[in-house]
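Content type compact mmCIF, C-alpha atoms, from the file entry10.txt:
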```txt
# COMPACT_ATOMS: atom_id res chain seq x y z
CA MET U 1 -56.75 34.93 86.44
CA PHE U 2 -58.31 31.50 86.86
CA ARG U 3 -61.51 31.59 88.96
CA ALA U 4 -62.89 28.62 90.90
CA GLY U 5 -66.14 27.43 89.41
CA GLU U 6 -65.56 28.70 85.89
CA LEU U 7 -64.36 25.40 84.58
CA VAL U 8 -64.71 21.85 85.87
CA LYS U 9 -62.87 18.82 84.83
CA GLY U 10 -64.93 16.50 82.63
CA PHE U 11 -64.90 12.97 81.47
CA LYS U 12 -61.41 11.88 80.27
CA ASN U 13 -59.94 15.21 81.45
CA ARG U 14 -62.00 17.27 79.01
CA THR U 15 -63.28 20.63 80.16
CA VAL U 16 -67.02 21.18 80.00
CA PRO U 17 -69.06 24.33 80.63
CA ARG U 18 -69.99 24.94 84.29
CA GLU U 19 -73.68 25.28 83.46
CA ARG U 20 -75.42 22.49 81.60
CA THR U 21 -79.02 22.02 80.63
CA ALA U 22 -81.25 19.47 82.34
CA LEU U 23 -81.42 17.51 79.09
CA ALA U 24 -77.64 17.32 78.85
CA ILE U 25 -77.37 16.13 82.46
CA TRP U 26 -80.03 13.48 81.77
CA PHE U 27 -78.12 12.32 78.68
CA TRP U 28 -74.92 11.79 80.66
CA GLU U 29 -76.66 10.11 83.60
CA ILE U 30 -79.08 7.79 81.75
CA ASP U 31 -78.12 4.18 81.06
CA ARG U 32 -77.92 4.51 77.30
CA VAL U 33 -77.20 0.80 76.83
CA LEU U 34 -80.39 -0.16 78.66
CA LEU U 35 -82.37 2.46 76.75
CA SER U 36 -81.00 1.13 73.44
CA LEU U 37 -82.04 -2.43 74.32
CA ILE U 38 -85.59 -1.29 75.10
CA VAL U 39 -85.85 0.69 71.86
CA ALA U 40 -84.59 -2.38 70.00
CA LEU U 41 -87.39 -4.45 71.55
CA MET U 42 -89.91 -1.83 70.44
CA ALA U 43 -88.59 -1.99 66.88
CA ILE U 44 -88.73 -5.79 66.90
CA GLY U 45 -92.26 -5.58 68.21
CA LEU U 46 -93.39 -3.39 65.34
CA VAL U 47 -92.03 -5.89 62.81
CA ALA U 48 -93.66 -8.79 64.67
CA VAL U 49 -97.04 -7.07 64.95
CA ALA U 50 -96.91 -6.29 61.23
CA ALA U 51 -96.41 -10.02 60.59
CA ALA U 52 -99.24 -11.07 62.94
CA SER U 53 -101.70 -8.27 62.16
CA PRO U 54 -103.29 -9.97 59.10
CA VAL U 55 -104.23 -12.97 61.27
CA ALA U 56 -106.09 -10.80 63.78
CA ALA U 57 -107.65 -8.76 60.98
CA ILE U 58 -109.12 -11.90 59.37
CA ASP U 59 -110.43 -13.11 62.74
CA ARG U 60 -112.24 -9.81 63.28
CA SER U 61 -113.55 -9.40 59.75
CA THR U 62 -117.15 -10.28 58.94
CA SER U 63 -119.19 -10.62 55.78
CA SER U 64 -120.14 -6.96 55.99
CA VAL U 65 -117.00 -5.46 57.56
CA SER U 66 -113.47 -6.02 56.27
CA VAL U 67 -110.63 -5.10 58.65
CA THR U 68 -107.46 -3.65 57.12
CA PRO U 69 -104.68 -6.28 57.33
CA LEU U 70 -102.15 -3.94 58.94
CA ILE U 71 -104.55 -2.12 61.25
CA TYR U 72 -102.91 -3.51 64.40
CA PHE U 73 -99.49 -2.47 63.17
CA TYR U 74 -100.70 1.11 62.70
CA ARG U 75 -102.27 1.09 66.15
CA GLN U 76 -99.13 -0.32 67.72
CA LEU U 77 -97.12 2.40 66.01
CA ILE U 78 -99.35 4.99 67.68
CA TRP U 79 -98.87 3.35 71.10
CA VAL U 80 -95.10 3.39 70.61
CA PHE U 81 -95.16 7.08 69.70
CA ILE U 82 -97.21 7.77 72.85
CA GLY U 83 -95.34 5.43 75.18
CA LEU U 84 -91.76 6.34 74.27
CA PRO U 85 -92.06 10.04 75.31
CA ILE U 86 -93.80 8.96 78.55
CA MET U 87 -90.91 6.62 79.30
CA LEU U 88 -88.31 9.33 78.62
CA VAL U 89 -90.11 11.97 80.71
CA ILE U 90 -90.40 9.61 83.69
CA SER U 91 -86.72 8.68 83.34
CA MET U 92 -85.82 12.36 83.80
CA LEU U 93 -87.42 12.50 87.24
CA PRO U 94 -85.20 12.50 90.34
CA ARG U 95 -85.47 9.29 92.33
CA GLN U 96 -87.57 10.82 95.08
CA GLN U 97 -90.09 12.27 92.63
CA ALA U 98 -90.20 8.99 90.66
CA ARG U 99 -90.96 7.14 93.89
CA ARG U 100 -93.74 9.58 94.79
CA LEU U 101 -95.24 9.23 91.33
CA ALA U 102 -95.23 5.44 91.66
CA ILE U 103 -96.95 5.55 95.06
CA PHE U 104 -99.65 7.90 93.76
CA MET U 105 -100.22 5.72 90.70
CA THR U 106 -100.41 2.61 92.89
CA ILE U 107 -103.27 4.12 94.87
CA PHE U 108 -105.06 5.26 91.71
CA PHE U 109 -104.80 2.00 89.75
CA ALA U 110 -105.58 -0.10 92.83
CA LEU U 111 -108.86 1.82 93.07
CA MET U 112 -109.41 1.22 89.34
CA LEU U 113 -108.79 -2.49 89.90
CA LEU U 114 -111.45 -2.50 92.61
CA CYS U 115 -113.86 -0.92 90.11
CA VAL U 116 -113.34 -3.63 87.47
CA PRO U 117 -116.04 -5.98 88.85
CA ILE U 118 -118.50 -3.07 88.75
CA LEU U 119 -117.50 -1.06 85.68
CA GLY U 120 -115.40 -3.59 83.78
CA SER U 121 -116.12 -5.11 80.39
CA THR U 122 -115.85 -8.80 79.52
CA VAL U 123 -113.58 -9.94 76.67
CA ASN U 124 -113.02 -13.62 75.84
CA GLY U 125 -114.72 -14.67 79.06
CA ALA U 126 -112.55 -12.50 81.34
CA ARG U 127 -113.60 -9.28 83.06
CA ARG U 128 -110.33 -7.32 83.21
CA TRP U 129 -110.86 -4.08 81.31
CA ILE U 130 -112.48 -0.71 81.88
CA ASP U 131 -113.89 1.01 78.83
CA LEU U 132 -113.34 4.71 78.27
CA PRO U 133 -114.34 6.76 75.20
CA GLY U 134 -112.03 5.50 72.46
CA PHE U 135 -109.79 3.53 74.82
CA ARG U 136 -110.00 0.30 76.81
CA PHE U 137 -107.39 -0.18 79.51
CA GLN U 138 -106.46 -2.97 81.91
CA PRO U 139 -105.80 -1.59 85.43
CA SER U 140 -103.72 -4.60 86.48
CA GLU U 141 -101.19 -3.91 83.69
CA PHE U 142 -100.61 -0.35 84.93
CA LEU U 143 -100.61 -1.47 88.55
CA LYS U 144 -97.78 -4.00 88.14
CA PRO U 145 -94.74 -1.66 87.83
CA VAL U 146 -95.88 0.95 90.32
CA TYR U 147 -96.93 -1.75 92.81
CA VAL U 148 -93.36 -3.09 92.71
CA VAL U 149 -91.90 0.34 93.47
CA THR U 150 -94.37 0.95 96.31
CA MET U 151 -93.66 -2.45 97.89
CA ALA U 152 -89.92 -1.76 97.55
CA TRP U 153 -90.36 1.53 99.39
CA LEU U 154 -92.35 -0.08 102.21
CA LEU U 155 -89.88 -2.94 102.62
CA SER U 156 -86.92 -0.55 102.54
CA LEU U 157 -88.31 1.05 105.71
CA ARG U 158 -87.26 -2.08 107.63
CA GLY U 159 -83.68 -0.88 107.36
CA LYS U 160 -84.59 2.22 109.37
CA ASP U 161 -86.95 0.62 111.91
CA MET U 162 -87.19 -3.17 112.20
CA SER U 163 -90.31 -2.89 114.36
CA LEU U 164 -92.42 -1.53 111.52
CA PRO U 165 -95.01 -4.15 110.37
CA VAL U 166 -94.18 -3.70 106.69
CA ILE U 167 -94.11 -7.42 105.87
CA PRO U 168 -97.69 -8.09 107.06
CA LEU U 169 -98.81 -4.86 105.37
CA THR U 170 -97.26 -5.67 102.00
CA GLY U 171 -98.53 -9.26 102.28
CA ALA U 172 -102.09 -8.11 102.95
CA LEU U 173 -102.01 -5.68 100.01
CA THR U 174 -100.58 -8.35 97.71
CA LEU U 175 -103.17 -10.95 98.74
CA LEU U 176 -105.98 -8.43 98.19
CA ILE U 177 -104.72 -7.73 94.66
CA ALA U 178 -104.32 -11.47 94.02
CA ALA U 179 -107.88 -12.18 95.17
CA ILE U 180 -109.27 -9.53 92.80
CA LEU U 181 -107.21 -10.88 89.89
CA MET U 182 -108.27 -14.48 90.51
CA LYS U 183 -111.88 -13.35 90.42
CA GLN U 184 -111.52 -11.80 86.94
CA PRO U 185 -110.01 -14.49 86.27
CA ASP U 186 -106.34 -13.66 85.59
CA PHE U 187 -104.06 -16.34 86.98
CA GLY U 188 -101.02 -15.18 85.01
CA GLN U 189 -101.05 -11.68 86.48
CA THR U 190 -101.56 -13.18 89.94
CA VAL U 191 -98.37 -15.21 89.53
CA ILE U 192 -96.45 -12.06 88.53
CA PHE U 193 -97.60 -10.06 91.56
CA LEU U 194 -96.88 -12.88 94.02
CA ALA U 195 -93.48 -13.64 92.47
CA CYS U 196 -92.43 -9.97 92.62
CA TRP U 197 -93.48 -9.76 96.28
CA GLY U 198 -91.53 -12.93 97.05
CA CYS U 199 -88.43 -11.57 95.30
CA LEU U 200 -88.63 -8.30 97.24
CA LEU U 201 -89.01 -10.19 100.51
CA LEU U 202 -85.94 -12.26 99.75
CA LEU U 203 -83.85 -9.19 98.93
CA SER U 204 -85.11 -7.21 101.91
CA GLY U 205 -83.30 -9.53 104.30
CA VAL U 206 -86.00 -11.73 105.83
CA SER U 207 -84.85 -14.96 107.45
CA MET U 208 -84.48 -18.16 105.44
CA ARG U 209 -86.93 -19.82 107.80
CA PHE U 210 -89.55 -17.30 106.78
CA ILE U 211 -88.72 -17.86 103.11
CA GLY U 212 -89.13 -21.61 103.64
CA VAL U 213 -92.51 -21.11 105.27
CA MET U 214 -93.62 -18.87 102.42
CA GLY U 215 -92.46 -21.48 99.92
CA GLY U 216 -94.60 -24.09 101.66
CA VAL U 217 -97.57 -21.73 101.65
CA ALA U 218 -97.05 -21.11 97.91
CA LEU U 219 -96.99 -24.85 97.21
CA ALA U 220 -100.15 -25.35 99.27
CA GLY U 221 -101.73 -22.48 97.37
CA LEU U 222 -100.99 -24.14 94.02
CA VAL U 223 -102.61 -27.37 95.25
CA ALA U 224 -105.64 -25.46 96.51
CA MET U 225 -105.84 -23.58 93.21
CA TYR U 226 -105.97 -26.84 91.29
CA MET U 227 -108.61 -28.28 93.57
CA PHE U 228 -110.94 -25.30 93.93
CA TYR U 229 -110.14 -22.82 91.11
CA GLU U 230 -111.89 -23.92 87.95
CA ASN U 231 -110.05 -21.66 85.49
CA GLY U 232 -106.59 -22.69 86.70
CA ARG U 233 -107.48 -26.38 86.86
CA GLN U 234 -108.85 -26.31 83.32
CA ARG U 235 -105.69 -24.69 81.94
CA ILE U 236 -103.45 -27.24 83.64
CA ASN U 237 -105.64 -30.14 82.50
CA ASP U 238 -105.60 -28.88 78.92
CA PHE U 239 -101.81 -28.54 79.07
CA LEU U 240 -101.38 -32.08 80.43
CA GLY U 241 -104.06 -33.53 78.16
CA ILE U 242 -106.18 -34.71 81.09
CA GLY U 243 -109.85 -35.17 80.25
CA VAL U 244 -109.41 -33.92 76.68
CA ALA U 245 -111.19 -35.87 73.94
CA GLN U 246 -108.95 -37.16 71.16
CA ASP U 247 -111.10 -35.69 68.38
CA THR U 248 -111.06 -32.12 69.69
CA GLY U 249 -107.81 -31.30 67.92
CA PRO U 250 -104.70 -29.57 69.31
CA ASP U 251 -105.03 -26.99 72.07
CA GLN U 252 -103.56 -23.48 72.00
CA THR U 253 -100.12 -24.39 73.29
CA GLU U 254 -99.85 -27.26 70.80
CA LEU U 255 -100.78 -24.92 67.94
CA ALA U 256 -98.21 -22.40 69.18
CA PHE U 257 -95.49 -25.05 69.34
CA ARG U 258 -96.29 -26.26 65.81
CA THR U 259 -96.14 -22.69 64.54
CA ILE U 260 -92.87 -21.73 66.23
CA THR U 261 -91.12 -24.84 64.91
CA HIS U 262 -92.60 -24.69 61.40
CA GLY U 263 -90.08 -22.14 60.17
CA GLY U 264 -87.01 -24.06 61.28
CA PHE U 265 -83.88 -22.12 62.16
CA THR U 266 -84.18 -19.41 59.51
CA GLY U 267 -87.96 -19.08 59.01
CA VAL U 268 -90.18 -19.10 55.95
CA GLY U 269 -89.73 -15.36 55.36
CA PRO U 270 -91.78 -12.25 56.24
CA GLY U 271 -95.43 -12.76 55.30
CA GLY U 272 -94.89 -16.38 54.29
CA GLY U 273 -96.24 -18.03 57.44
CA GLN U 274 -99.29 -20.26 57.12
CA GLN U 275 -99.46 -21.95 60.52
CA LYS U 276 -99.97 -18.55 62.18
CA PHE U 277 -103.49 -18.36 60.72
CA ARG U 278 -104.51 -21.18 63.05
CA LEU U 279 -103.38 -19.34 66.16
CA PRO U 280 -105.79 -17.54 68.50
CA GLU U 281 -104.62 -14.02 69.40
CA ALA U 282 -101.56 -14.30 67.17
CA HIS U 283 -100.77 -10.59 67.61
CA THR U 284 -100.73 -10.72 71.44
CA ASP U 285 -100.27 -13.94 73.43
CA TYR U 286 -98.73 -16.02 70.63
CA ILE U 287 -96.72 -13.45 68.72
CA PHE U 288 -93.50 -15.25 69.67
CA SER U 289 -94.67 -18.26 67.63
CA VAL U 290 -95.33 -16.00 64.63
CA ILE U 291 -91.74 -14.73 64.92
CA GLY U 292 -90.48 -18.30 65.02
CA GLU U 293 -92.38 -19.31 61.90
CA GLU U 294 -91.52 -16.32 59.72
CA PHE U 295 -88.06 -15.35 61.03
CA GLY U 296 -86.83 -18.65 62.46
CA LEU U 297 -85.74 -20.08 65.77
CA LEU U 298 -82.51 -18.09 65.50
CA ALA U 299 -84.56 -14.90 65.70
CA CYS U 300 -86.37 -16.27 68.77
CA ILE U 301 -83.03 -17.04 70.41
CA GLY U 302 -81.83 -13.54 69.57
CA ILE U 303 -84.91 -11.97 71.19
CA ALA U 304 -84.43 -14.10 74.30
CA CYS U 305 -80.83 -12.86 74.43
CA VAL U 306 -82.02 -9.23 74.30
CA TYR U 307 -84.30 -9.85 77.29
CA LEU U 308 -81.41 -11.50 79.11
CA ALA U 309 -79.18 -8.53 78.28
CA VAL U 310 -81.73 -6.15 79.83
CA ILE U 311 -81.78 -8.16 83.06
CA VAL U 312 -78.00 -8.50 83.25
CA ARG U 313 -77.51 -4.81 82.49
CA VAL U 314 -79.73 -3.74 85.38
CA LEU U 315 -78.08 -6.17 87.79
CA LEU U 316 -74.62 -4.90 86.81
CA ARG U 317 -75.85 -1.36 87.27
CA MET U 318 -76.90 -2.19 90.84
CA LEU U 319 -73.57 -3.69 91.90
CA ASP U 320 -72.23 -0.38 93.23
CA GLU U 321 -75.58 0.88 94.55
CA ASP U 322 -75.87 1.38 98.32
CA ASP U 323 -79.45 2.67 98.62
CA ASN U 324 -81.73 -0.13 99.80
CA PHE U 325 -84.86 1.25 98.16
CA THR U 326 -83.18 1.66 94.77
CA ILE U 327 -81.85 -1.90 94.85
CA LEU U 328 -85.26 -3.32 95.77
CA ALA U 329 -87.14 -1.23 93.20
CA ALA U 330 -84.74 -2.02 90.35
CA ALA U 331 -84.66 -5.73 91.22
CA GLY U 332 -88.45 -5.90 91.49
CA LEU U 333 -89.03 -4.14 88.18
CA THR U 334 -86.49 -6.41 86.50
CA THR U 335 -88.16 -9.49 88.01
CA GLN U 336 -91.55 -8.40 86.72
CA PHE U 337 -90.16 -7.66 83.25
CA GLY U 338 -88.13 -10.84 82.97
CA LEU U 339 -90.75 -13.16 84.43
CA GLN U 340 -93.39 -11.87 82.04
CA ALA U 341 -91.07 -12.53 79.09
CA ILE U 342 -90.18 -16.01 80.37
CA ILE U 343 -93.83 -16.98 80.85
CA ASN U 344 -94.85 -15.81 77.39
CA MET U 345 -91.94 -17.53 75.63
CA GLY U 346 -92.46 -20.65 77.74
CA VAL U 347 -96.13 -20.86 76.77
CA ASN U 348 -95.25 -20.52 73.09
CA ALA U 349 -92.60 -23.24 73.46
CA GLN U 350 -95.14 -25.51 75.20
CA ILE U 351 -93.23 -25.40 78.49
CA PHE U 352 -96.02 -23.72 80.51
CA PRO U 353 -99.82 -23.85 80.30
CA SER U 354 -101.57 -21.03 78.47
CA LYS U 355 -101.73 -17.93 80.69
CA GLY U 356 -102.71 -15.03 78.42
CA MET U 357 -99.44 -13.15 79.07
CA THR U 358 -98.11 -10.60 76.59
CA LEU U 359 -94.47 -10.48 75.48
CA PRO U 360 -92.99 -7.17 76.76
CA PHE U 361 -92.73 -4.48 74.07
CA ILE U 362 -93.36 -7.02 71.31
CA SER U 363 -96.98 -8.13 71.73
CA TYR U 364 -99.72 -5.79 70.54
CA GLY U 365 -101.62 -3.85 73.19
CA GLY U 366 -102.09 -0.27 74.33
CA SER U 367 -102.33 -1.04 78.05
CA SER U 368 -99.32 -3.33 77.88
CA MET U 369 -97.19 -0.84 75.93
CA LEU U 370 -97.98 2.17 78.11
CA ALA U 371 -97.60 0.22 81.36
CA LEU U 372 -94.25 -1.17 80.25
CA CYS U 373 -93.08 2.30 79.27
CA ILE U 374 -94.01 3.57 82.73
CA GLY U 375 -92.15 0.68 84.35
CA VAL U 376 -89.01 1.08 82.25
CA GLY U 377 -89.15 4.85 82.75
CA LEU U 378 -89.05 4.27 86.51
CA LEU U 379 -86.25 1.74 86.05
CA LEU U 380 -84.21 4.22 84.01
CA ALA U 381 -84.81 6.89 86.66
CA PHE U 382 -83.56 4.58 89.43
CA THR U 383 -80.49 3.41 87.49
CA ARG U 384 -79.25 6.87 86.51
CA ARG U 385 -75.65 7.57 87.47
CA ASN U 386 -73.53 10.71 87.49
CA PRO U 387 -70.48 9.83 85.33
CA PHE U 388 -68.39 12.46 87.16
CA MET U 389 -68.93 10.89 90.60
CA GLY U 390 -65.77 9.25 91.80
CA ARG U 391 -63.60 11.18 89.32
CA HIS U 392 -62.10 13.79 91.65
CA THR U 393 -59.61 16.31 90.41
CA VAL U 394 -57.41 17.79 93.11
CA VAL U 395 -56.58 21.45 92.57
CA LYS U 396 -53.75 22.89 94.65
CA TRP U 397 -53.96 26.58 95.41
CA SER U 398 -50.80 28.53 95.99
CA GLY U 399 -52.66 31.28 97.76
CA ARG U 400 -50.96 33.93 95.65
```
Let me see the file written as structure tokens.
Amino acid sequence: MFRAGELVKGFKNRTVPRERTALAIWFWEIDRVLLSLIVALMAIGLVAVAAASPVAAIDRSTSSVSVTPLIYFYRQLIWVFIGLPIMLVISMLPRQQARRLAIFMTIFFALMLLCVPILGSTVNGARRWIDLPGFRFQPSEFLKPVYVVTMAWLLSLRGKDMSLPVIPLTGALTLLIAAILMKQPDFGQTVIFLACWGCLLLLSGVSMRFIGVMGGVALAGLVAMYMFYENGRQRINDFLGIGVAQDTGPDQTELAFRTITHGGFTGVGPGGGQQKFRLPEAHTDYIFSVIGEEFGLLACIGIACVYLAVIVRVLLRMLDEDDNFTILAAAGLTTQFGLQAIINMGVNAQIFPSKGMTLPFISYGGSSMLALCIGVGLLLAFTRRNPFMGRHTVVKWSGR
């Protein structure tokens, strides 16, 4: 006799066992296309870091100490092996638990960010890192993804009670973070935080009049930054060639542009780049130029297409979503991810001034890799779907 509950109809009318493991459920619910794109970026990053590692090794070698040419590749490999399991574990969390984790991490890393002026270490003239035994981390990198999720949660509360002052609250928190980042100084990260907040506001349903006012405030802020913020004004002046002596040679963005175009469409081949040895921080900020020189502009276009595919995939995944928080969180995380990639590629192509922004999953960096894995883990958790939802099988019982 057939018993209810013993068998359930599966995908494409296959029968599957009634009891499945948590890992099997996760495998069916996870966006495997999105996960594959992220893993592909990690693999590309390992190849790119291997190409740029000798440049950084030479820069850090001295007469008494010789740095192994591929040391940054080996380190990046370790960060990938650490970050990938973190990303997968977070992606297994239910949405409510993933949201709670993000809120807790926001509080923790916001406190760490407040400690940077006191406990932080200075590297290349910027005080952004906190040193721990054997590890230096950048709190703002870890704060970015979880901040987006927390702001999405706060703004989603407007749908339940319009009287809640969530917009002033999220604005005050964002401005506080921006003020701390500008003090470090870190103008690039400030732009990311403000842009993500603006995107979340737009999607949360605020009036167009309010958006227009905020746009005017943003424009006024850029003017004030140029007039009163020395670091930002200097970067813009260097980019525009204002006040730069003719005999000082090319600046960083000019060197990056020369490097990325040196290889033509197909590149000079792995390890054959020479212009890359003139780049500062070739393994982090300007790794996209190293890819262009050794693997060609076609490879750069292909990488840009992978980033675009990630963004489009998430947006398509959200088309049938009806939960306001999930839509805001996924859109905010995608904005942060995509904007960071656009800024880095734009700097390398001499479209934007130098901002010290890493290329997601491709640039070298432990803080960047782990923070991105946390962010994508949250994104995968929010975009999970049950493939059996909407596939109802009607069973008629005769009662006999």
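Across the structure, CA of Phe193 (chain U) and CA of Leu370 (chain U) are spaced 18.2 Å apart.
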Query - Nearest-residue call for Leu154 (chain U), choices U:Phe108, U:Phe142, U:Tyr307, U:Phe325, using all atoms listed in the file - result: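 Closest candidate: U:Phe325.
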Query raised in the report: U:Thr326, U:Gln252, U:Ser64, U:Thr335: which is nearest Cys196 (chain U), counting all atoms listed in the file?
Result: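 For Cys196 (chain U), the nearest of the candidates is U:Thr335.
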Requested in this report: Using all atoms listed in the file, pick whichever of U:Ala349, U:Ile327, U:Ile130, U:Leu279 has the shortest atom-to-atom distance to Leu297 (chain U).
Outcome: U:Ala349
Query - Residues within 10 Å of Met182 (chain U), all atoms listed in the file, excluding chain neighbours under 4 positions, as a list in words - result: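 Skipping anything fewer than 4 positions along the chain leaves Ile177, Ala178, Asp186, Phe187, Gly188, Gln189, Thr190, Val191, Met225, Tyr229, Asn231 and Gly232 of chain U.
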Next, the residues of the selection above should be written as a short mmCIF file (atom, residue, chain, number, x, y, z; two decimals), in the coordinates of the input with C-alpha atoms.
```cif
data_model
loop_
_atom_site.label_atom_id
_atom_site.label_comp_id
_atom_site.auth_asym_id
_atom_site.auth_seq_id
_atom_site.Cartn_x
_atom_site.Cartn_y
_atom_site.Cartn_z
CA ILE U 177 -104.72 -7.73 94.66
CA ALA U 178 -104.32 -11.47 94.02
CA ASP U 186 -106.34 -13.66 85.59
CA PHE U 187 -104.06 -16.34 86.98
CA GLY U 188 -101.02 -15.18 85.01
CA GLN U 189 -101.05 -11.68 86.48
CA THR U 190 -101.56 -13.18 89.94
CA VAL U 191 -98.37 -15.21 89.53
CA MET U 225 -105.84 -23.58 93.21
CA TYR U 229 -110.14 -22.82 91.11
CA ASN U 231 -110.05 -21.66 85.49
CA GLY U 232 -106.59 -22.69 86.70
#
```
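Of the residues listed (U:Val39, U:Met208, U:Glu230, U:Ile192), U:Ile192 shows the shortest atom-to-atom separation from Ile342 (chain U); distances use only C-alpha atoms.
Take the candidates U:Met214, U:Ala48, U:Ala43, U:Leu181 and check each one against Gly292 (chain U) using all atoms listed in the file; the shortest distance goes to U:Ala48.
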Query raised in the report: Skipping near chain neighbours, those fewer than 2 positions away, what residues fall within 10 Å of Leu70 (chain U) using all atoms listed in the file, listed as a ChimeraX atom specification?
Result: /U:49-57,67-68,72-76
Report task. Name the closest residue to Leu378 (chain U) among the candidates U:Leu119, U:Leu155, U:Ala329, U:Met345; distances are taken between atoms, counting all atoms listed in the file. Result ->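 Smallest distance to Leu378 (chain U) is found for U:Ala329.
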Requested in this report: Measure the distance from CA of Thr122 (chain U) to CA of Leu222 (chain U) in Å and round it to one decimal.
Outcome: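 We find that CA of Thr122 (chain U) and CA of Leu222 (chain U) lie 25.8 Å from each other.
What separates CA of His283 (chain U) from CA of Tyr364 (chain U) is a distance of 5.7 Å.
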Query raised in the report: What's the 12 Å shell around Ala110 (chain U), counting all atoms listed in the file, without same-chain residues fewer than 5 positions away, as a PyMOL selection string?
Result: chain U and resi 102-105+115-116+138-144+146-147+150+173-174+176-178+180-181
Could you save the residues just selected, with C-alpha atoms, as a short mmCIF file (atom, residue, chain, number, x, y, z; two decimals), keeping the file's coordinate frame?
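What landed in part-v6.cif:
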```
data_model
loop_
_atom_site.label_atom_id
_atom_site.label_comp_id
_atom_site.auth_asym_id
_atom_site.auth_seq_id
_atom_site.Cartn_x
_atom_site.Cartn_y
_atom_site.Cartn_z
CA ALA U 102 -95.23 5.44 91.66
CA ILE U 103 -96.95 5.55 95.06
CA PHE U 104 -99.65 7.90 93.76
CA MET U 105 -100.22 5.72 90.70
CA CYS U 115 -113.86 -0.92 90.11
CA VAL U 116 -113.34 -3.63 87.47
CA GLN U 138 -106.46 -2.97 81.91
CA PRO U 139 -105.80 -1.59 85.43
CA SER U 140 -103.72 -4.60 86.48
CA GLU U 141 -101.19 -3.91 83.69
CA PHE U 142 -100.61 -0.35 84.93
CA LEU U 143 -100.61 -1.47 88.55
CA LYS U 144 -97.78 -4.00 88.14
CA VAL U 146 -95.88 0.95 90.32
CA TYR U 147 -96.93 -1.75 92.81
CA THR U 150 -94.37 0.95 96.31
CA LEU U 173 -102.01 -5.68 100.01
CA THR U 174 -100.58 -8.35 97.71
CA LEU U 176 -105.98 -8.43 98.19
CA ILE U 177 -104.72 -7.73 94.66
CA ALA U 178 -104.32 -11.47 94.02
CA ILE U 180 -109.27 -9.53 92.80
CA LEU U 181 -107.21 -10.88 89.89
#
```
Query - Spatial neighbours of Arg384 (chain U), max dist 12 Å, all atoms listed in the file, sep filter under 2 positions, as JSON, numbers by chain - result: {"U": [25, 26, 27, 28, 29, 30, 31, 32, 33, 34, 35, 90, 91, 92, 93, 94, 95, 98, 314, 317, 318, 321, 326, 330, 377, 378, 379, 380, 381, 382, 386, 387, 389]}
